[in-house]
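Participant: For reference, the file query.tsv (TSV, C-alpha atoms) is included below:
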```
chain	number	residue	atom	x	y	z
Q	1	MET	CA	21.15	-14.60	46.61
Q	2	ASP	CA	20.86	-11.09	45.37
Q	3	PRO	CA	24.00	-8.91	45.78
Q	4	SER	CA	21.84	-6.39	47.59
Q	5	GLU	CA	21.07	-9.07	50.16
Q	6	VAL	CA	24.79	-9.64	50.68
Q	7	GLU	CA	25.10	-5.89	51.12
Q	8	PHE	CA	22.26	-6.08	53.64
Q	9	LEU	CA	24.33	-8.52	55.69
Q	10	ALA	CA	27.43	-6.35	55.30
Q	11	GLU	CA	25.53	-3.39	56.73
Q	12	LYS	CA	25.49	-5.09	60.10
Q	13	GLU	CA	29.24	-4.60	60.49
Q	14	MET	CA	30.25	-2.00	63.05
Q	15	VAL	CA	32.04	1.19	62.07
Q	16	LYS	CA	33.24	4.18	64.11
Q	17	ILE	CA	31.50	7.50	63.66
Q	18	ILE	CA	31.93	10.93	65.17
Q	19	PRO	CA	28.48	12.42	65.73
Q	20	ASN	CA	27.76	16.13	65.82
Q	21	PHE	CA	24.67	15.73	67.97
Q	22	SER	CA	23.95	14.32	71.34
Q	23	LEU	CA	21.58	11.57	72.25
Q	24	ASP	CA	21.51	9.18	75.14
Q	25	LYS	CA	21.73	5.42	74.79
Q	26	ILE	CA	19.44	3.76	72.26
Q	27	TYR	CA	18.20	0.30	73.14
Q	28	LEU	CA	17.72	-1.47	69.84
Q	29	ILE	CA	16.42	-5.02	69.62
Q	30	GLY	CA	19.79	-6.08	68.25
Q	31	GLY	CA	21.87	-4.38	70.92
Q	32	ASP	CA	22.57	-1.09	72.68
Q	33	LEU	CA	24.10	1.92	70.94
Q	34	GLY	CA	25.58	5.14	72.22
Q	35	PRO	CA	25.36	7.38	74.11
Q	36	PHE	CA	26.13	9.94	71.41
Q	37	ASN	CA	28.17	13.01	72.29
Q	38	PRO	CA	29.40	15.56	69.75
Q	39	GLY	CA	33.03	14.94	68.87
Q	40	LEU	CA	33.35	11.62	70.65
Q	41	PRO	CA	33.73	8.46	68.57
Q	42	VAL	CA	31.10	5.77	68.93
Q	43	ASP	CA	30.60	2.36	67.25
Q	44	VAL	CA	27.44	1.88	65.24
Q	45	PRO	CA	26.31	-0.54	62.52
Q	46	VAL	CA	27.00	0.61	58.95
Q	47	TRP	CA	23.30	0.99	58.10
Q	48	LEU	CA	22.91	3.57	60.82
Q	49	ALA	CA	26.22	5.27	60.05
Q	50	LEU	CA	25.21	5.78	56.42
Q	51	ASN	CA	21.82	7.15	57.39
Q	52	LEU	CA	23.34	9.60	59.86
Q	53	LYS	CA	25.96	10.65	57.34
Q	54	GLN	CA	23.31	11.33	54.73
Q	55	ARG	CA	21.48	13.52	57.21
Q	56	GLN	CA	24.81	15.24	57.89
Q	57	LYS	CA	24.77	14.26	61.52
Q	58	CYS	CA	28.13	12.55	61.71
Q	59	ARG	CA	31.53	11.93	60.24
Q	60	ILE	CA	32.55	8.37	59.41
Q	61	VAL	CA	35.96	7.09	60.49
Q	62	PRO	CA	37.36	4.67	57.89
Q	63	PRO	CA	38.12	1.18	59.24
Q	64	GLU	CA	41.76	0.43	59.99
Q	65	TRP	CA	42.27	-1.72	56.96
Q	66	MET	CA	41.04	0.97	54.57
Q	67	ASP	CA	44.51	2.45	54.22
Q	68	VAL	CA	46.58	2.74	51.04
Q	69	GLU	CA	49.71	1.01	52.33
Q	70	LYS	CA	47.89	-1.86	53.98
Q	71	LEU	CA	45.82	-2.46	50.88
Q	72	GLU	CA	48.91	-2.34	48.66
Q	73	GLU	CA	50.50	-5.05	50.80
Q	74	ILE	CA	47.38	-7.16	50.59
Q	75	ARG	CA	47.24	-6.71	46.85
Q	76	GLU	CA	50.86	-7.79	46.41
Q	77	LEU	CA	50.33	-10.82	48.61
Q	78	GLU	CA	47.20	-11.77	46.69
Q	79	ARG	CA	49.02	-11.54	43.37
Q	80	LYS	CA	51.92	-13.66	44.60
Q	81	GLU	CA	49.99	-16.47	46.26
Q	82	ASP	CA	48.06	-19.11	44.34
Q	83	ALA	CA	45.62	-19.73	47.12
Q	84	PHE	CA	43.25	-17.13	48.53
Q	85	THR	CA	44.87	-14.95	51.17
Q	86	ALA	CA	43.16	-13.64	54.26
Q	87	VAL	CA	40.93	-10.65	53.61
Q	88	PRO	CA	40.96	-7.40	55.58
Q	89	SER	CA	37.27	-7.87	56.32
Q	90	PRO	CA	34.72	-10.50	55.35
Q	91	TYR	CA	32.75	-7.71	53.70
Q	92	TYR	CA	35.63	-5.67	52.25
Q	93	MET	CA	34.02	-5.13	48.86
Q	94	GLU	CA	30.63	-4.01	50.14
Q	95	LEU	CA	32.08	-1.78	52.84
Q	96	THR	CA	34.43	-0.13	50.36
Q	97	LYS	CA	31.58	0.57	47.98
Q	98	LEU	CA	29.20	1.84	50.65
Q	99	LEU	CA	31.69	3.97	52.51
Q	100	LEU	CA	33.32	5.43	49.43
Q	101	ASN	CA	30.00	6.24	47.81
Q	102	HIS	CA	28.54	7.98	50.81
Q	103	ALA	CA	31.48	9.22	52.84
Q	104	SER	CA	34.40	9.70	50.48
Q	105	ASP	CA	35.05	13.11	52.01
Q	106	ASN	CA	35.84	11.38	55.30
Q	107	ILE	CA	38.27	8.93	53.75
Q	108	PRO	CA	41.74	10.04	52.70
Q	109	LYS	CA	42.91	8.97	49.20
Q	110	ALA	CA	39.49	7.56	48.37
Q	111	ASP	CA	40.23	7.04	44.67
Q	112	GLU	CA	43.42	5.10	45.30
Q	113	ILE	CA	41.62	2.94	47.79
Q	114	ARG	CA	38.87	2.27	45.28
Q	115	THR	CA	41.44	1.19	42.68
Q	116	LEU	CA	43.36	-0.99	45.13
Q	117	VAL	CA	40.25	-2.78	46.35
Q	118	LYS	CA	39.14	-3.33	42.78
Q	119	ASP	CA	42.54	-4.84	41.94
Q	120	ILE	CA	42.34	-7.18	44.91
Q	121	TRP	CA	38.81	-8.16	43.89
Q	122	ASP	CA	39.81	-8.80	40.28
Q	123	THR	CA	42.74	-11.01	41.29
Q	124	ARG	CA	40.57	-13.03	43.64
Q	125	ILE	CA	37.76	-13.46	41.14
Q	126	ALA	CA	40.25	-14.63	38.51
Q	127	LYS	CA	41.58	-17.22	40.98
Q	128	LEU	CA	38.02	-18.23	41.77
Q	129	ARG	CA	37.21	-18.78	38.10
Q	130	CYS	CA	40.29	-20.98	37.69
Q	131	SER	CA	39.56	-23.03	40.75
Q	132	ALA	CA	35.89	-23.46	39.81
Q	133	ASP	CA	37.05	-24.63	36.40
Q	134	SER	CA	39.41	-27.21	37.86
Q	135	PHE	CA	36.77	-28.30	40.39
Q	136	ILE	CA	34.42	-29.12	37.56
Q	137	SER	CA	36.94	-30.69	35.22
Q	138	GLN	CA	38.36	-32.93	37.92
Q	139	GLN	CA	34.87	-33.83	39.06
Q	140	GLU	CA	35.65	-33.18	42.68
Q	141	ALA	CA	32.96	-33.60	45.27
Q	142	HIS	CA	34.36	-31.35	47.95
Q	143	ALA	CA	36.31	-28.11	48.15
Q	144	GLN	CA	37.51	-26.03	51.04
Q	145	LEU	CA	37.29	-22.28	50.50
Q	146	ASP	CA	38.26	-20.67	53.75
Q	147	ASN	CA	39.22	-17.17	52.79
Q	148	LEU	CA	36.46	-16.48	50.34
Q	149	THR	CA	34.01	-13.75	51.19
Q	150	LEU	CA	30.27	-14.02	50.77
Q	151	MET	CA	30.17	-11.55	47.90
Q	152	GLU	CA	32.76	-13.56	45.96
Q	153	ILE	CA	30.94	-16.81	46.60
Q	154	ASN	CA	27.72	-15.16	45.53
Q	155	THR	CA	29.23	-14.10	42.20
Q	156	ILE	CA	29.64	-17.67	41.01
Q	157	ARG	CA	26.98	-19.27	43.18
Q	158	SER	CA	24.16	-19.68	40.71
Q	159	PHE	CA	26.34	-20.67	37.78
Q	160	LEU	CA	28.56	-23.09	39.70
Q	161	LEU	CA	25.84	-24.78	41.72
Q	162	ASP	CA	23.49	-25.13	38.77
Q	163	SER	CA	26.25	-26.60	36.60
Q	164	LEU	CA	27.32	-29.05	39.31
Q	165	ASN	CA	23.73	-30.15	39.85
Q	166	CYS	CA	23.19	-30.53	36.12
Q	167	MET	CA	26.31	-32.65	35.77
Q	168	TYR	CA	25.29	-34.75	38.71
Q	169	LYS	CA	21.91	-35.45	37.12
Q	170	LEU	CA	23.57	-36.46	33.86
Q	171	ARG	CA	26.07	-38.74	35.55
Q	172	SER	CA	23.70	-40.39	37.93
Q	173	ASN	CA	21.28	-41.19	35.14
Q	174	LEU	CA	24.05	-43.21	33.55
Q	175	LEU	CA	24.39	-45.40	36.62
Q	176	PRO	CA	22.44	-48.62	36.21
Q	177	GLY	CA	19.42	-49.13	38.39
Q	178	SER	CA	19.30	-45.59	39.66
Q	179	ASN	CA	15.79	-44.32	40.20
Q	180	LYS	CA	16.92	-40.75	40.38
Q	181	GLY	CA	15.10	-39.96	37.18
Q	182	GLN	CA	12.75	-37.50	38.75
Q	183	PHE	CA	14.64	-34.27	39.16
Q	184	THR	CA	13.43	-30.75	39.34
Q	185	ASP	CA	14.05	-28.50	36.44
Q	186	TYR	CA	14.08	-24.79	36.99
W	1	MET	CA	22.80	-18.18	79.11
W	2	SER	CA	20.43	-17.97	82.07
W	3	GLY	CA	19.69	-14.50	83.24
W	4	GLY	CA	19.72	-13.11	79.69
W	5	LEU	CA	18.91	-9.46	80.20
W	6	SER	CA	16.23	-7.47	78.50
W	7	ASP	CA	16.84	-3.99	77.19
W	8	ASP	CA	14.78	-0.99	78.01
W	9	GLY	CA	11.20	-1.90	77.34
W	10	SER	CA	11.51	-5.26	75.62
W	11	ASP	CA	10.55	-8.53	77.15
W	12	ILE	CA	12.69	-11.48	77.95
W	13	ASN	CA	12.07	-14.14	75.35
W	14	GLN	CA	11.24	-17.67	76.31
W	15	ASP	CA	12.01	-20.42	73.91
W	16	ASP	CA	10.12	-23.67	74.17
W	17	SER	CA	10.72	-24.64	77.77
W	18	GLN	CA	13.86	-26.67	77.12
W	19	GLU	CA	16.01	-23.81	75.83
W	20	ASP	CA	17.54	-21.14	78.02
W	21	VAL	CA	16.36	-17.58	77.86
W	22	MET	CA	17.78	-15.78	74.81
W	23	THR	CA	18.61	-12.14	74.57
W	24	PRO	CA	16.82	-10.29	71.77
W	25	ALA	CA	20.13	-9.94	69.94
W	26	GLU	CA	20.60	-13.71	70.01
W	27	LEU	CA	17.04	-14.14	68.80
W	28	ILE	CA	17.66	-11.92	65.80
W	29	ALA	CA	20.89	-13.78	65.08
W	30	LYS	CA	18.96	-17.06	65.17
W	31	LEU	CA	16.39	-15.64	62.77
W	32	GLU	CA	19.11	-14.62	60.34
W	33	GLU	CA	20.71	-18.06	60.54
W	34	ALA	CA	17.36	-19.71	59.87
W	35	TRP	CA	16.82	-17.30	56.96
W	36	LEU	CA	20.13	-18.15	55.29
W	37	ASN	CA	19.74	-21.88	55.89
W	38	GLU	CA	16.26	-21.87	54.40
W	39	LYS	CA	17.38	-19.81	51.41
W	40	PHE	CA	20.20	-22.10	50.43
W	41	SER	CA	18.89	-25.52	51.36
W	42	PRO	CA	17.33	-27.60	48.58
W	43	GLU	CA	14.65	-29.02	50.88
W	44	LEU	CA	12.20	-27.48	53.33
W	45	LEU	CA	13.85	-27.28	56.74
W	46	GLU	CA	12.35	-27.74	60.17
W	47	ASN	CA	9.89	-25.09	61.19
W	48	LYS	CA	11.33	-22.47	63.56
W	49	SER	CA	8.02	-21.17	64.81
W	50	GLU	CA	9.31	-20.26	68.29
W	51	VAL	CA	11.85	-17.93	66.75
W	52	VAL	CA	9.26	-16.45	64.38
W	53	GLU	CA	6.76	-15.89	67.17
W	54	CYS	CA	9.29	-14.31	69.49
W	55	VAL	CA	10.50	-11.99	66.74
W	56	MET	CA	6.91	-10.97	65.93
W	57	GLU	CA	6.38	-10.27	69.61
W	58	GLN	CA	9.48	-8.08	69.76
W	59	LEU	CA	8.45	-6.18	66.65
W	60	THR	CA	4.88	-5.52	67.79
W	61	HIS	CA	6.11	-4.51	71.22
W	62	MET	CA	8.62	-2.07	69.75
W	63	GLU	CA	6.05	-0.63	67.35
W	64	ALA	CA	3.57	-0.13	70.18
W	65	ASN	CA	6.24	1.77	72.11
W	66	LEU	CA	6.99	3.91	69.09
W	67	GLN	CA	3.32	4.82	68.67
W	68	ARG	CA	3.37	6.36	72.09
W	69	VAL	CA	6.42	8.51	71.44
W	70	LYS	CA	5.95	11.92	69.82
W	71	LYS	CA	6.76	12.22	66.13
W	72	GLY	CA	10.16	13.41	65.01
W	73	ASP	CA	11.97	11.95	67.96
W	74	ALA	CA	15.52	11.15	66.90
W	75	LYS	CA	15.49	7.71	68.45
W	76	ALA	CA	12.18	6.77	66.81
W	77	SER	CA	13.65	6.88	63.31
W	78	VAL	CA	16.52	4.63	64.32
W	79	HIS	CA	14.11	2.13	65.86
W	80	HIS	CA	11.95	2.26	62.73
W	81	MET	CA	14.95	1.46	60.55
W	82	GLU	CA	15.84	-1.50	62.68
W	83	ILE	CA	12.27	-2.76	62.64
W	84	ASP	CA	12.25	-2.52	58.85
W	85	ARG	CA	15.44	-4.54	58.61
W	86	ILE	CA	14.19	-7.27	60.91
W	87	ARG	CA	10.87	-7.34	59.10
W	88	PHE	CA	12.66	-7.82	55.79
W	89	VAL	CA	14.53	-10.87	57.09
W	90	LEU	CA	11.38	-12.35	58.59
W	91	SER	CA	9.32	-11.87	55.41
W	92	SER	CA	12.08	-13.26	53.25
W	93	TYR	CA	12.34	-16.30	55.51
W	94	LEU	CA	8.61	-16.99	55.40
W	95	ARG	CA	8.51	-16.39	51.66
W	96	SER	CA	11.34	-18.92	51.09
W	97	ARG	CA	9.40	-21.50	53.03
W	98	LEU	CA	6.17	-20.84	51.12
W	99	GLN	CA	8.00	-21.15	47.80
W	100	LYS	CA	9.36	-24.52	48.82
W	101	ILE	CA	6.00	-25.67	50.10
W	102	GLU	CA	4.44	-24.80	46.76
W	103	LYS	CA	7.24	-26.50	44.87
W	104	PHE	CA	7.26	-29.75	46.84
W	105	PHE	CA	3.76	-29.85	48.29
W	106	PRO	CA	2.97	-33.59	48.13
W	107	HIS	CA	6.33	-34.55	49.63
W	108	VAL	CA	6.09	-31.95	52.36
W	109	LEU	CA	2.62	-33.16	53.33
W	110	GLU	CA	3.76	-36.78	53.23
W	111	LYS	CA	6.74	-36.03	55.46
W	112	GLU	CA	4.56	-34.14	57.91
W	113	LYS	CA	2.02	-36.98	58.08
W	114	SER	CA	4.62	-39.64	58.63
W	115	ARG	CA	6.74	-37.95	61.27
W	116	GLY	CA	6.88	-39.43	64.75
W	117	GLU	CA	5.12	-38.02	67.78
W	118	GLY	CA	8.09	-36.38	69.40
W	119	ASP	CA	9.76	-35.19	66.22
W	120	PRO	CA	9.89	-31.47	65.54
W	121	SER	CA	7.32	-30.39	63.00
W	122	LEU	CA	8.18	-29.37	59.49
W	123	LEU	CA	5.27	-26.99	59.01
W	124	SER	CA	3.61	-24.45	61.25
W	125	PRO	CA	-0.17	-24.86	61.61
W	126	GLU	CA	-0.77	-22.06	59.10
W	127	GLU	CA	1.70	-23.54	56.65
W	128	PHE	CA	0.05	-26.94	57.02
W	129	THR	CA	-3.34	-25.44	56.16
W	130	PHE	CA	-1.78	-23.65	53.22
W	131	ALA	CA	-0.16	-26.84	51.94
W	132	LYS	CA	-3.39	-28.80	52.19
W	133	GLU	CA	-5.36	-26.12	50.39
W	134	TYR	CA	-2.70	-25.90	47.70
W	135	TYR	CA	-2.90	-29.68	47.23
W	136	ALA	CA	-6.69	-29.62	46.99
W	137	ASN	CA	-6.68	-26.67	44.62
W	138	THR	CA	-4.09	-28.25	42.33
W	139	GLU	CA	-6.09	-31.47	42.20
W	140	THR	CA	-9.29	-29.61	41.38
W	141	TYR	CA	-7.53	-27.58	38.74
W	142	LEU	CA	-5.96	-30.59	37.03
W	143	LYS	CA	-9.29	-32.39	37.04
W	144	ALA	CA	-11.19	-29.48	35.63
W	145	VAL	CA	-8.65	-28.58	32.99
W	146	ALA	CA	-7.47	-31.97	31.74
W	147	LEU	CA	-8.23	-35.08	33.73
W	148	LYS	CA	-11.97	-35.26	33.27
W	149	ARG	CA	-11.47	-35.34	29.52
W	150	MET	CA	-9.14	-38.32	29.72
W	151	PRO	CA	-10.28	-41.93	29.36
W	152	PRO	CA	-11.74	-43.15	32.68
W	153	ASN	CA	-8.81	-45.34	33.67
W	154	LEU	CA	-6.36	-42.45	33.36
W	155	GLN	CA	-8.23	-39.94	35.40
W	156	THR	CA	-6.17	-40.05	38.55
W	157	VAL	CA	-2.77	-38.57	39.05
W	158	ASP	CA	-0.38	-39.59	41.82
W	159	MET	CA	0.95	-36.31	43.12
W	160	LEU	CA	3.89	-37.93	44.85
W	161	GLN	CA	5.09	-39.25	41.51
W	162	ALA	CA	4.08	-36.28	39.45
W	163	VAL	CA	5.81	-33.61	41.49
W	164	PRO	CA	9.62	-33.86	41.56
W	165	GLU	CA	11.29	-34.43	44.90
W	166	PRO	CA	13.81	-31.98	46.28
W	167	CYS	CA	17.28	-32.84	45.01
W	168	LEU	CA	19.25	-33.57	48.17
W	169	ASP	CA	22.40	-34.16	46.17
W	170	SER	CA	22.69	-30.51	45.19
W	171	PHE	CA	25.88	-28.78	46.13
W	172	VAL	CA	25.82	-26.11	48.82
W	173	PHE	CA	28.32	-23.73	50.37
W	174	LEU	CA	28.64	-23.96	54.12
W	175	ARG	CA	30.53	-22.52	57.06
W	176	VAL	CA	31.40	-24.77	59.99
W	177	LYS	CA	30.30	-23.66	63.45
W	178	GLU	CA	31.20	-26.77	65.40
W	179	ARG	CA	34.08	-29.03	64.50
W	180	GLN	CA	32.99	-32.24	62.79
W	181	GLU	CA	35.08	-35.29	62.06
W	182	ASN	CA	34.84	-37.93	59.41
W	183	ILE	CA	32.28	-36.52	57.08
W	184	LEU	CA	31.94	-38.85	54.13
W	185	VAL	CA	32.44	-37.38	50.66
W	186	GLU	CA	31.12	-39.55	47.83
W	187	PRO	CA	32.34	-38.60	44.37
W	188	ASP	CA	30.04	-39.05	41.41
W	189	THR	CA	32.11	-41.26	39.20
W	190	ASP	CA	32.71	-44.91	39.88
W	191	ASP	CA	36.45	-44.76	39.57
W	192	GLN	CA	36.85	-42.39	42.49
W	193	ARG	CA	36.88	-43.72	46.01
W	194	GLU	CA	34.87	-42.28	48.83
W	195	TYR	CA	36.91	-40.36	51.35
W	196	VAL	CA	36.39	-38.57	54.63
W	197	VAL	CA	37.09	-34.99	55.52
W	198	ASP	CA	37.22	-33.24	58.85
W	199	LEU	CA	35.40	-29.96	59.09
W	200	GLU	CA	37.34	-27.45	61.15
W	201	GLU	CA	35.51	-24.76	63.03
W	202	GLY	CA	35.28	-21.54	61.04
W	203	SER	CA	36.22	-23.12	57.72
W	204	GLN	CA	34.08	-22.85	54.59
W	205	HIS	CA	33.32	-25.73	52.22
W	206	LEU	CA	31.49	-26.65	49.05
W	207	MET	CA	29.92	-30.08	49.13
W	208	ARG	CA	26.74	-32.10	48.60
W	209	TYR	CA	23.80	-31.26	50.80
W	210	ARG	CA	22.88	-34.87	51.55
W	211	THR	CA	25.82	-35.66	53.83
W	212	ILE	CA	25.61	-32.48	55.85
W	213	ALA	CA	21.80	-32.22	56.08
W	214	PRO	CA	21.70	-33.44	59.71
W	215	LEU	CA	24.40	-30.93	60.62
W	216	VAL	CA	22.28	-28.10	59.28
W	217	SER	CA	19.31	-29.14	61.45
W	218	SER	CA	21.51	-29.44	64.51
W	219	GLY	CA	23.11	-26.06	63.90
W	220	ALA	CA	26.65	-27.40	63.55
W	221	VAL	CA	27.05	-25.83	60.11
W	222	GLN	CA	25.58	-22.73	58.53
W	223	LEU	CA	24.71	-22.56	54.82
W	224	ILE	CA	26.13	-19.48	53.13
```
Write the structure described by the file as structure tokens, please.

Facilitator:
Amino acid sequence: MDPSEVEFLAEKEMVKIIPNFSLDKIYLIGGDLGPFNPGLPVDVPVWLALNLKQRQKCRIVPPEWMDVEKLEEIRELERKEDAFTAVPSPYYMELTKLLLNHASDNIPKADEIRTLVKDIWDTRIAKLRCSADSFISQQEAHAQLDNLTLMEINTIRSFLLDSLNCMYKLRSNLLPGSNKGQFTDY
Amino acid sequence: MSGGLSDDGSDINQDDSQEDVMTPAELIAKLEEAWLNEKFSPELLENKSEVVECVMEQLTHMEANLQRVKKGDAKASVHHMEIDRIRFVLSSYLRSRLQKIEKFFPHVLEKEKSRGEGDPSLLSPEEFTFAKEYYANTETYLKAVALKRMPPNLQTVDMLQAVPEPCLDSFVFLRVKERQENILVEPDTDDQREYVVDLEEGSQHLMRYRTIAPLVSSGAVQLI
């Protein structure tokens, strides 16, 4: 899956905005939005929030978890634990990137937040590399990965799945009497 | 879910008579689930033509409404953006299916021919036509380019043998939507025993596609 497709999915998350225009309720196929009144917060999907922000029609309110202290706590917890800890949002990386790129003026301490999220990401990806390595070397056939986000999974998806499939082909061809000789190559 | 309400201007969707009425939001969610499942599954999944048709209906209906509205209306641009997003998912879904049909065409046709009367179909009528044409075209091509120059007893090719089957033992990532118990996990090597795992609702796993294939069709797990 392309990272932009993961971002596409992340854009469906809801975020609070404060519009500077008024509009009555919009009845989208995916749900109802609004009504929009200047100065009053309203929940909209991120794709709409970004579009409105770019047209200078609203101010974006950062999500609750996008706060320096909370993120510092999460980062410390992530560094201490061996397993993956719970994430502030299943799309934390994409939302941070989108909101900080387009609406950093609405988000206090944007640079610190960027650094903190990057630290959390780096720690998690390092853990993911280690656990993928041990998965392969111990030839496991099952793993549970509850707290991983889609973007993290997507980072190692093609490499990990292709390697596992390759190894499976090699091993199963060693088994006597297996007629699994006909496999797709890419 | 009976009495699912329509929004302003859109119609209530009817699934094939057995299902309850779905709201448009649920329909779009179903489309996205089908999209992800099709993207990540190693084999061609069941055809979701009711979902595709309903989504097309919603899109054409919404576009017709937008034609009637004057240009520059604030709401129109928001609706257009949403239509574009839904259209992207739909096209990507159909494209995934076509890619798999092209990749596995003899097996797909074989499966479709040999399915029972009441079983859900693998291909939509258009996809079936496409698959048959692709088969015929490939045969013609192979004949014209190579086979007719071969010695007479080697001039046929068995497509089912020549084209690799989908590898159902590929690993996939999945998220559990309905709790499942006692799913068998078979390790590759001989010296490891088989064992069972329980799949808790909301958990995510990495395992072989073969064991969980029926769960994907039934909607109990979602590939991610």

Participant: Using only C-alpha atoms and a cutoff of 10 Å, can you tell me which residues are near (22.0, 6.6, 62.5) in the file's coordinates, and write them out as a ChimeraX atom specification?

Facilitator: /Q:17,19,33,44-55,57-58 /W:74-75,77-79,81

Participant: Hey, list the chain Q side of the contact with chain W: 7 Å cut-off, all atoms listed in the file, answer as a PyMOL selection string.

Facilitator: chain Q and resi 26-31+140-146+161+164-165+168+182-184

Participant: Could the residues in this selection be saved with C-alpha atoms as a PDB file, in the frame of the given file?

Facilitator:
```pdb
ATOM      1  CA  ILE Q  26      19.440   3.760  72.260  1.00  0.00           C
ATOM      2  CA  TYR Q  27      18.200   0.300  73.140  1.00  0.00           C
ATOM      3  CA  LEU Q  28      17.720  -1.470  69.840  1.00  0.00           C
ATOM      4  CA  ILE Q  29      16.420  -5.020  69.620  1.00  0.00           C
ATOM      5  CA  GLY Q  30      19.790  -6.080  68.250  1.00  0.00           C
ATOM      6  CA  GLY Q  31      21.870  -4.380  70.920  1.00  0.00           C
ATOM      7  CA  GLU Q 140      35.650 -33.180  42.680  1.00  0.00           C
ATOM      8  CA  ALA Q 141      32.960 -33.600  45.270  1.00  0.00           C
ATOM      9  CA  HIS Q 142      34.360 -31.350  47.950  1.00  0.00           C
ATOM     10  CA  ALA Q 143      36.310 -28.110  48.150  1.00  0.00           C
ATOM     11  CA  GLN Q 144      37.510 -26.030  51.040  1.00  0.00           C
ATOM     12  CA  LEU Q 145      37.290 -22.280  50.500  1.00  0.00           C
ATOM     13  CA  ASP Q 146      38.260 -20.670  53.750  1.00  0.00           C
ATOM     14  CA  LEU Q 161      25.840 -24.780  41.720  1.00  0.00           C
ATOM     15  CA  LEU Q 164      27.320 -29.050  39.310  1.00  0.00           C
ATOM     16  CA  ASN Q 165      23.730 -30.150  39.850  1.00  0.00           C
ATOM     17  CA  TYR Q 168      25.290 -34.750  38.710  1.00  0.00           C
ATOM     18  CA  GLN Q 182      12.750 -37.500  38.750  1.00  0.00           C
ATOM     19  CA  PHE Q 183      14.640 -34.270  39.160  1.00  0.00           C
ATOM     20  CA  THR Q 184      13.430 -30.750  39.340  1.00  0.00           C
TER      21      THR Q 184
END
```

Participant: Quick check, in Å to one decimal: how far apart do atom CA of Met66 of chain Q and atom CA of Asp122 of chain Q lie?

Facilitator: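 Separating atom CA of Met66 of chain Q from atom CA of Asp122 of chain Q is a distance of 17.4 Å.
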
Participant: Which is closest to Glu152 of chain Q among Q:Glu94, Q:Leu116, Q:Pro35, Q:Asn106, if we use all atoms listed in the file?

Facilitator: Q:Glu94

Participant: Find the distance between atom CA of Glu200 of chain W and atom CA of Tyr91 of chain Q and write it in Å to one decimal.

Facilitator: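 Atom-to-atom, atom CA of Glu200 of chain W and atom CA of Tyr91 of chain Q are spaced 21.6 Å apart.
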
Participant: Using only C-alpha atoms, which residue out of W:Glu126, W:Glu33, W:Asp198, W:Glu102 lies closest to Asn182 of chain W?

Facilitator: W:Asp198

Participant: Between atom CA of Gln67 of chain W and atom CA of Gln56 of chain Q, what is the distance in Å, rounded to a tenth?

Facilitator: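 It comes out at 26.2 Å.
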
Participant: So that I can see what lies close to Leu123 of chain W, please list as number ranges by chain the residues with an atom at most 8 Å from it, counting only C-alpha atoms and leaving out residues fewer than 3 positions away in the same chain.

Facilitator: W: 46-47, 112, 126-128

Participant: Mind checking which residues fall within 7 Å of Ala220 of chain W, counting only C-alpha atoms, ignoring those fewer than 2 positions away in the same chain, and posting them as a list in words?

Facilitator: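 Non-adjacent residues within range: Val176, Lys177, Glu178, Leu215, Val216, Ser218 and Gln222 of chain W.
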
Participant: Where atoms are missing, can you supply N, CA, C and O atoms for segment 165-171 of chain Q and output the lot as a short mmCIF file (atom, residue, chain, number, x, y, z; two decimals), keeping the file's coordinate frame?

Facilitator:
```
data_model
loop_
_atom_site.label_atom_id
_atom_site.label_comp_id
_atom_site.auth_asym_id
_atom_site.auth_seq_id
_atom_site.Cartn_x
_atom_site.Cartn_y
_atom_site.Cartn_z
N ASN Q 165 24.93 -29.33 39.71
CA ASN Q 165 23.73 -30.15 39.85
C ASN Q 165 23.35 -30.79 38.52
O ASN Q 165 22.96 -31.95 38.47
N CYS Q 166 23.49 -30.02 37.46
CA CYS Q 166 23.19 -30.53 36.12
C CYS Q 166 24.07 -31.72 35.79
O CYS Q 166 23.61 -32.75 35.31
N MET Q 167 25.38 -31.57 36.07
CA MET Q 167 26.31 -32.65 35.77
C MET Q 167 26.02 -33.86 36.61
O MET Q 167 26.13 -35.00 36.16
N TYR Q 168 25.62 -33.63 37.85
CA TYR Q 168 25.29 -34.75 38.71
C TYR Q 168 24.11 -35.53 38.16
O TYR Q 168 24.11 -36.76 38.13
N LYS Q 169 23.08 -34.78 37.70
CA LYS Q 169 21.91 -35.45 37.12
C LYS Q 169 22.32 -36.31 35.94
O LYS Q 169 21.89 -37.45 35.78
N LEU Q 170 23.16 -35.72 35.05
CA LEU Q 170 23.57 -36.46 33.86
C LEU Q 170 24.32 -37.71 34.24
O LEU Q 170 24.07 -38.79 33.72
N ARG Q 171 25.26 -37.57 35.18
CA ARG Q 171 26.07 -38.74 35.55
C ARG Q 171 25.26 -39.78 36.24
O ARG Q 171 25.40 -40.97 35.99
#
```
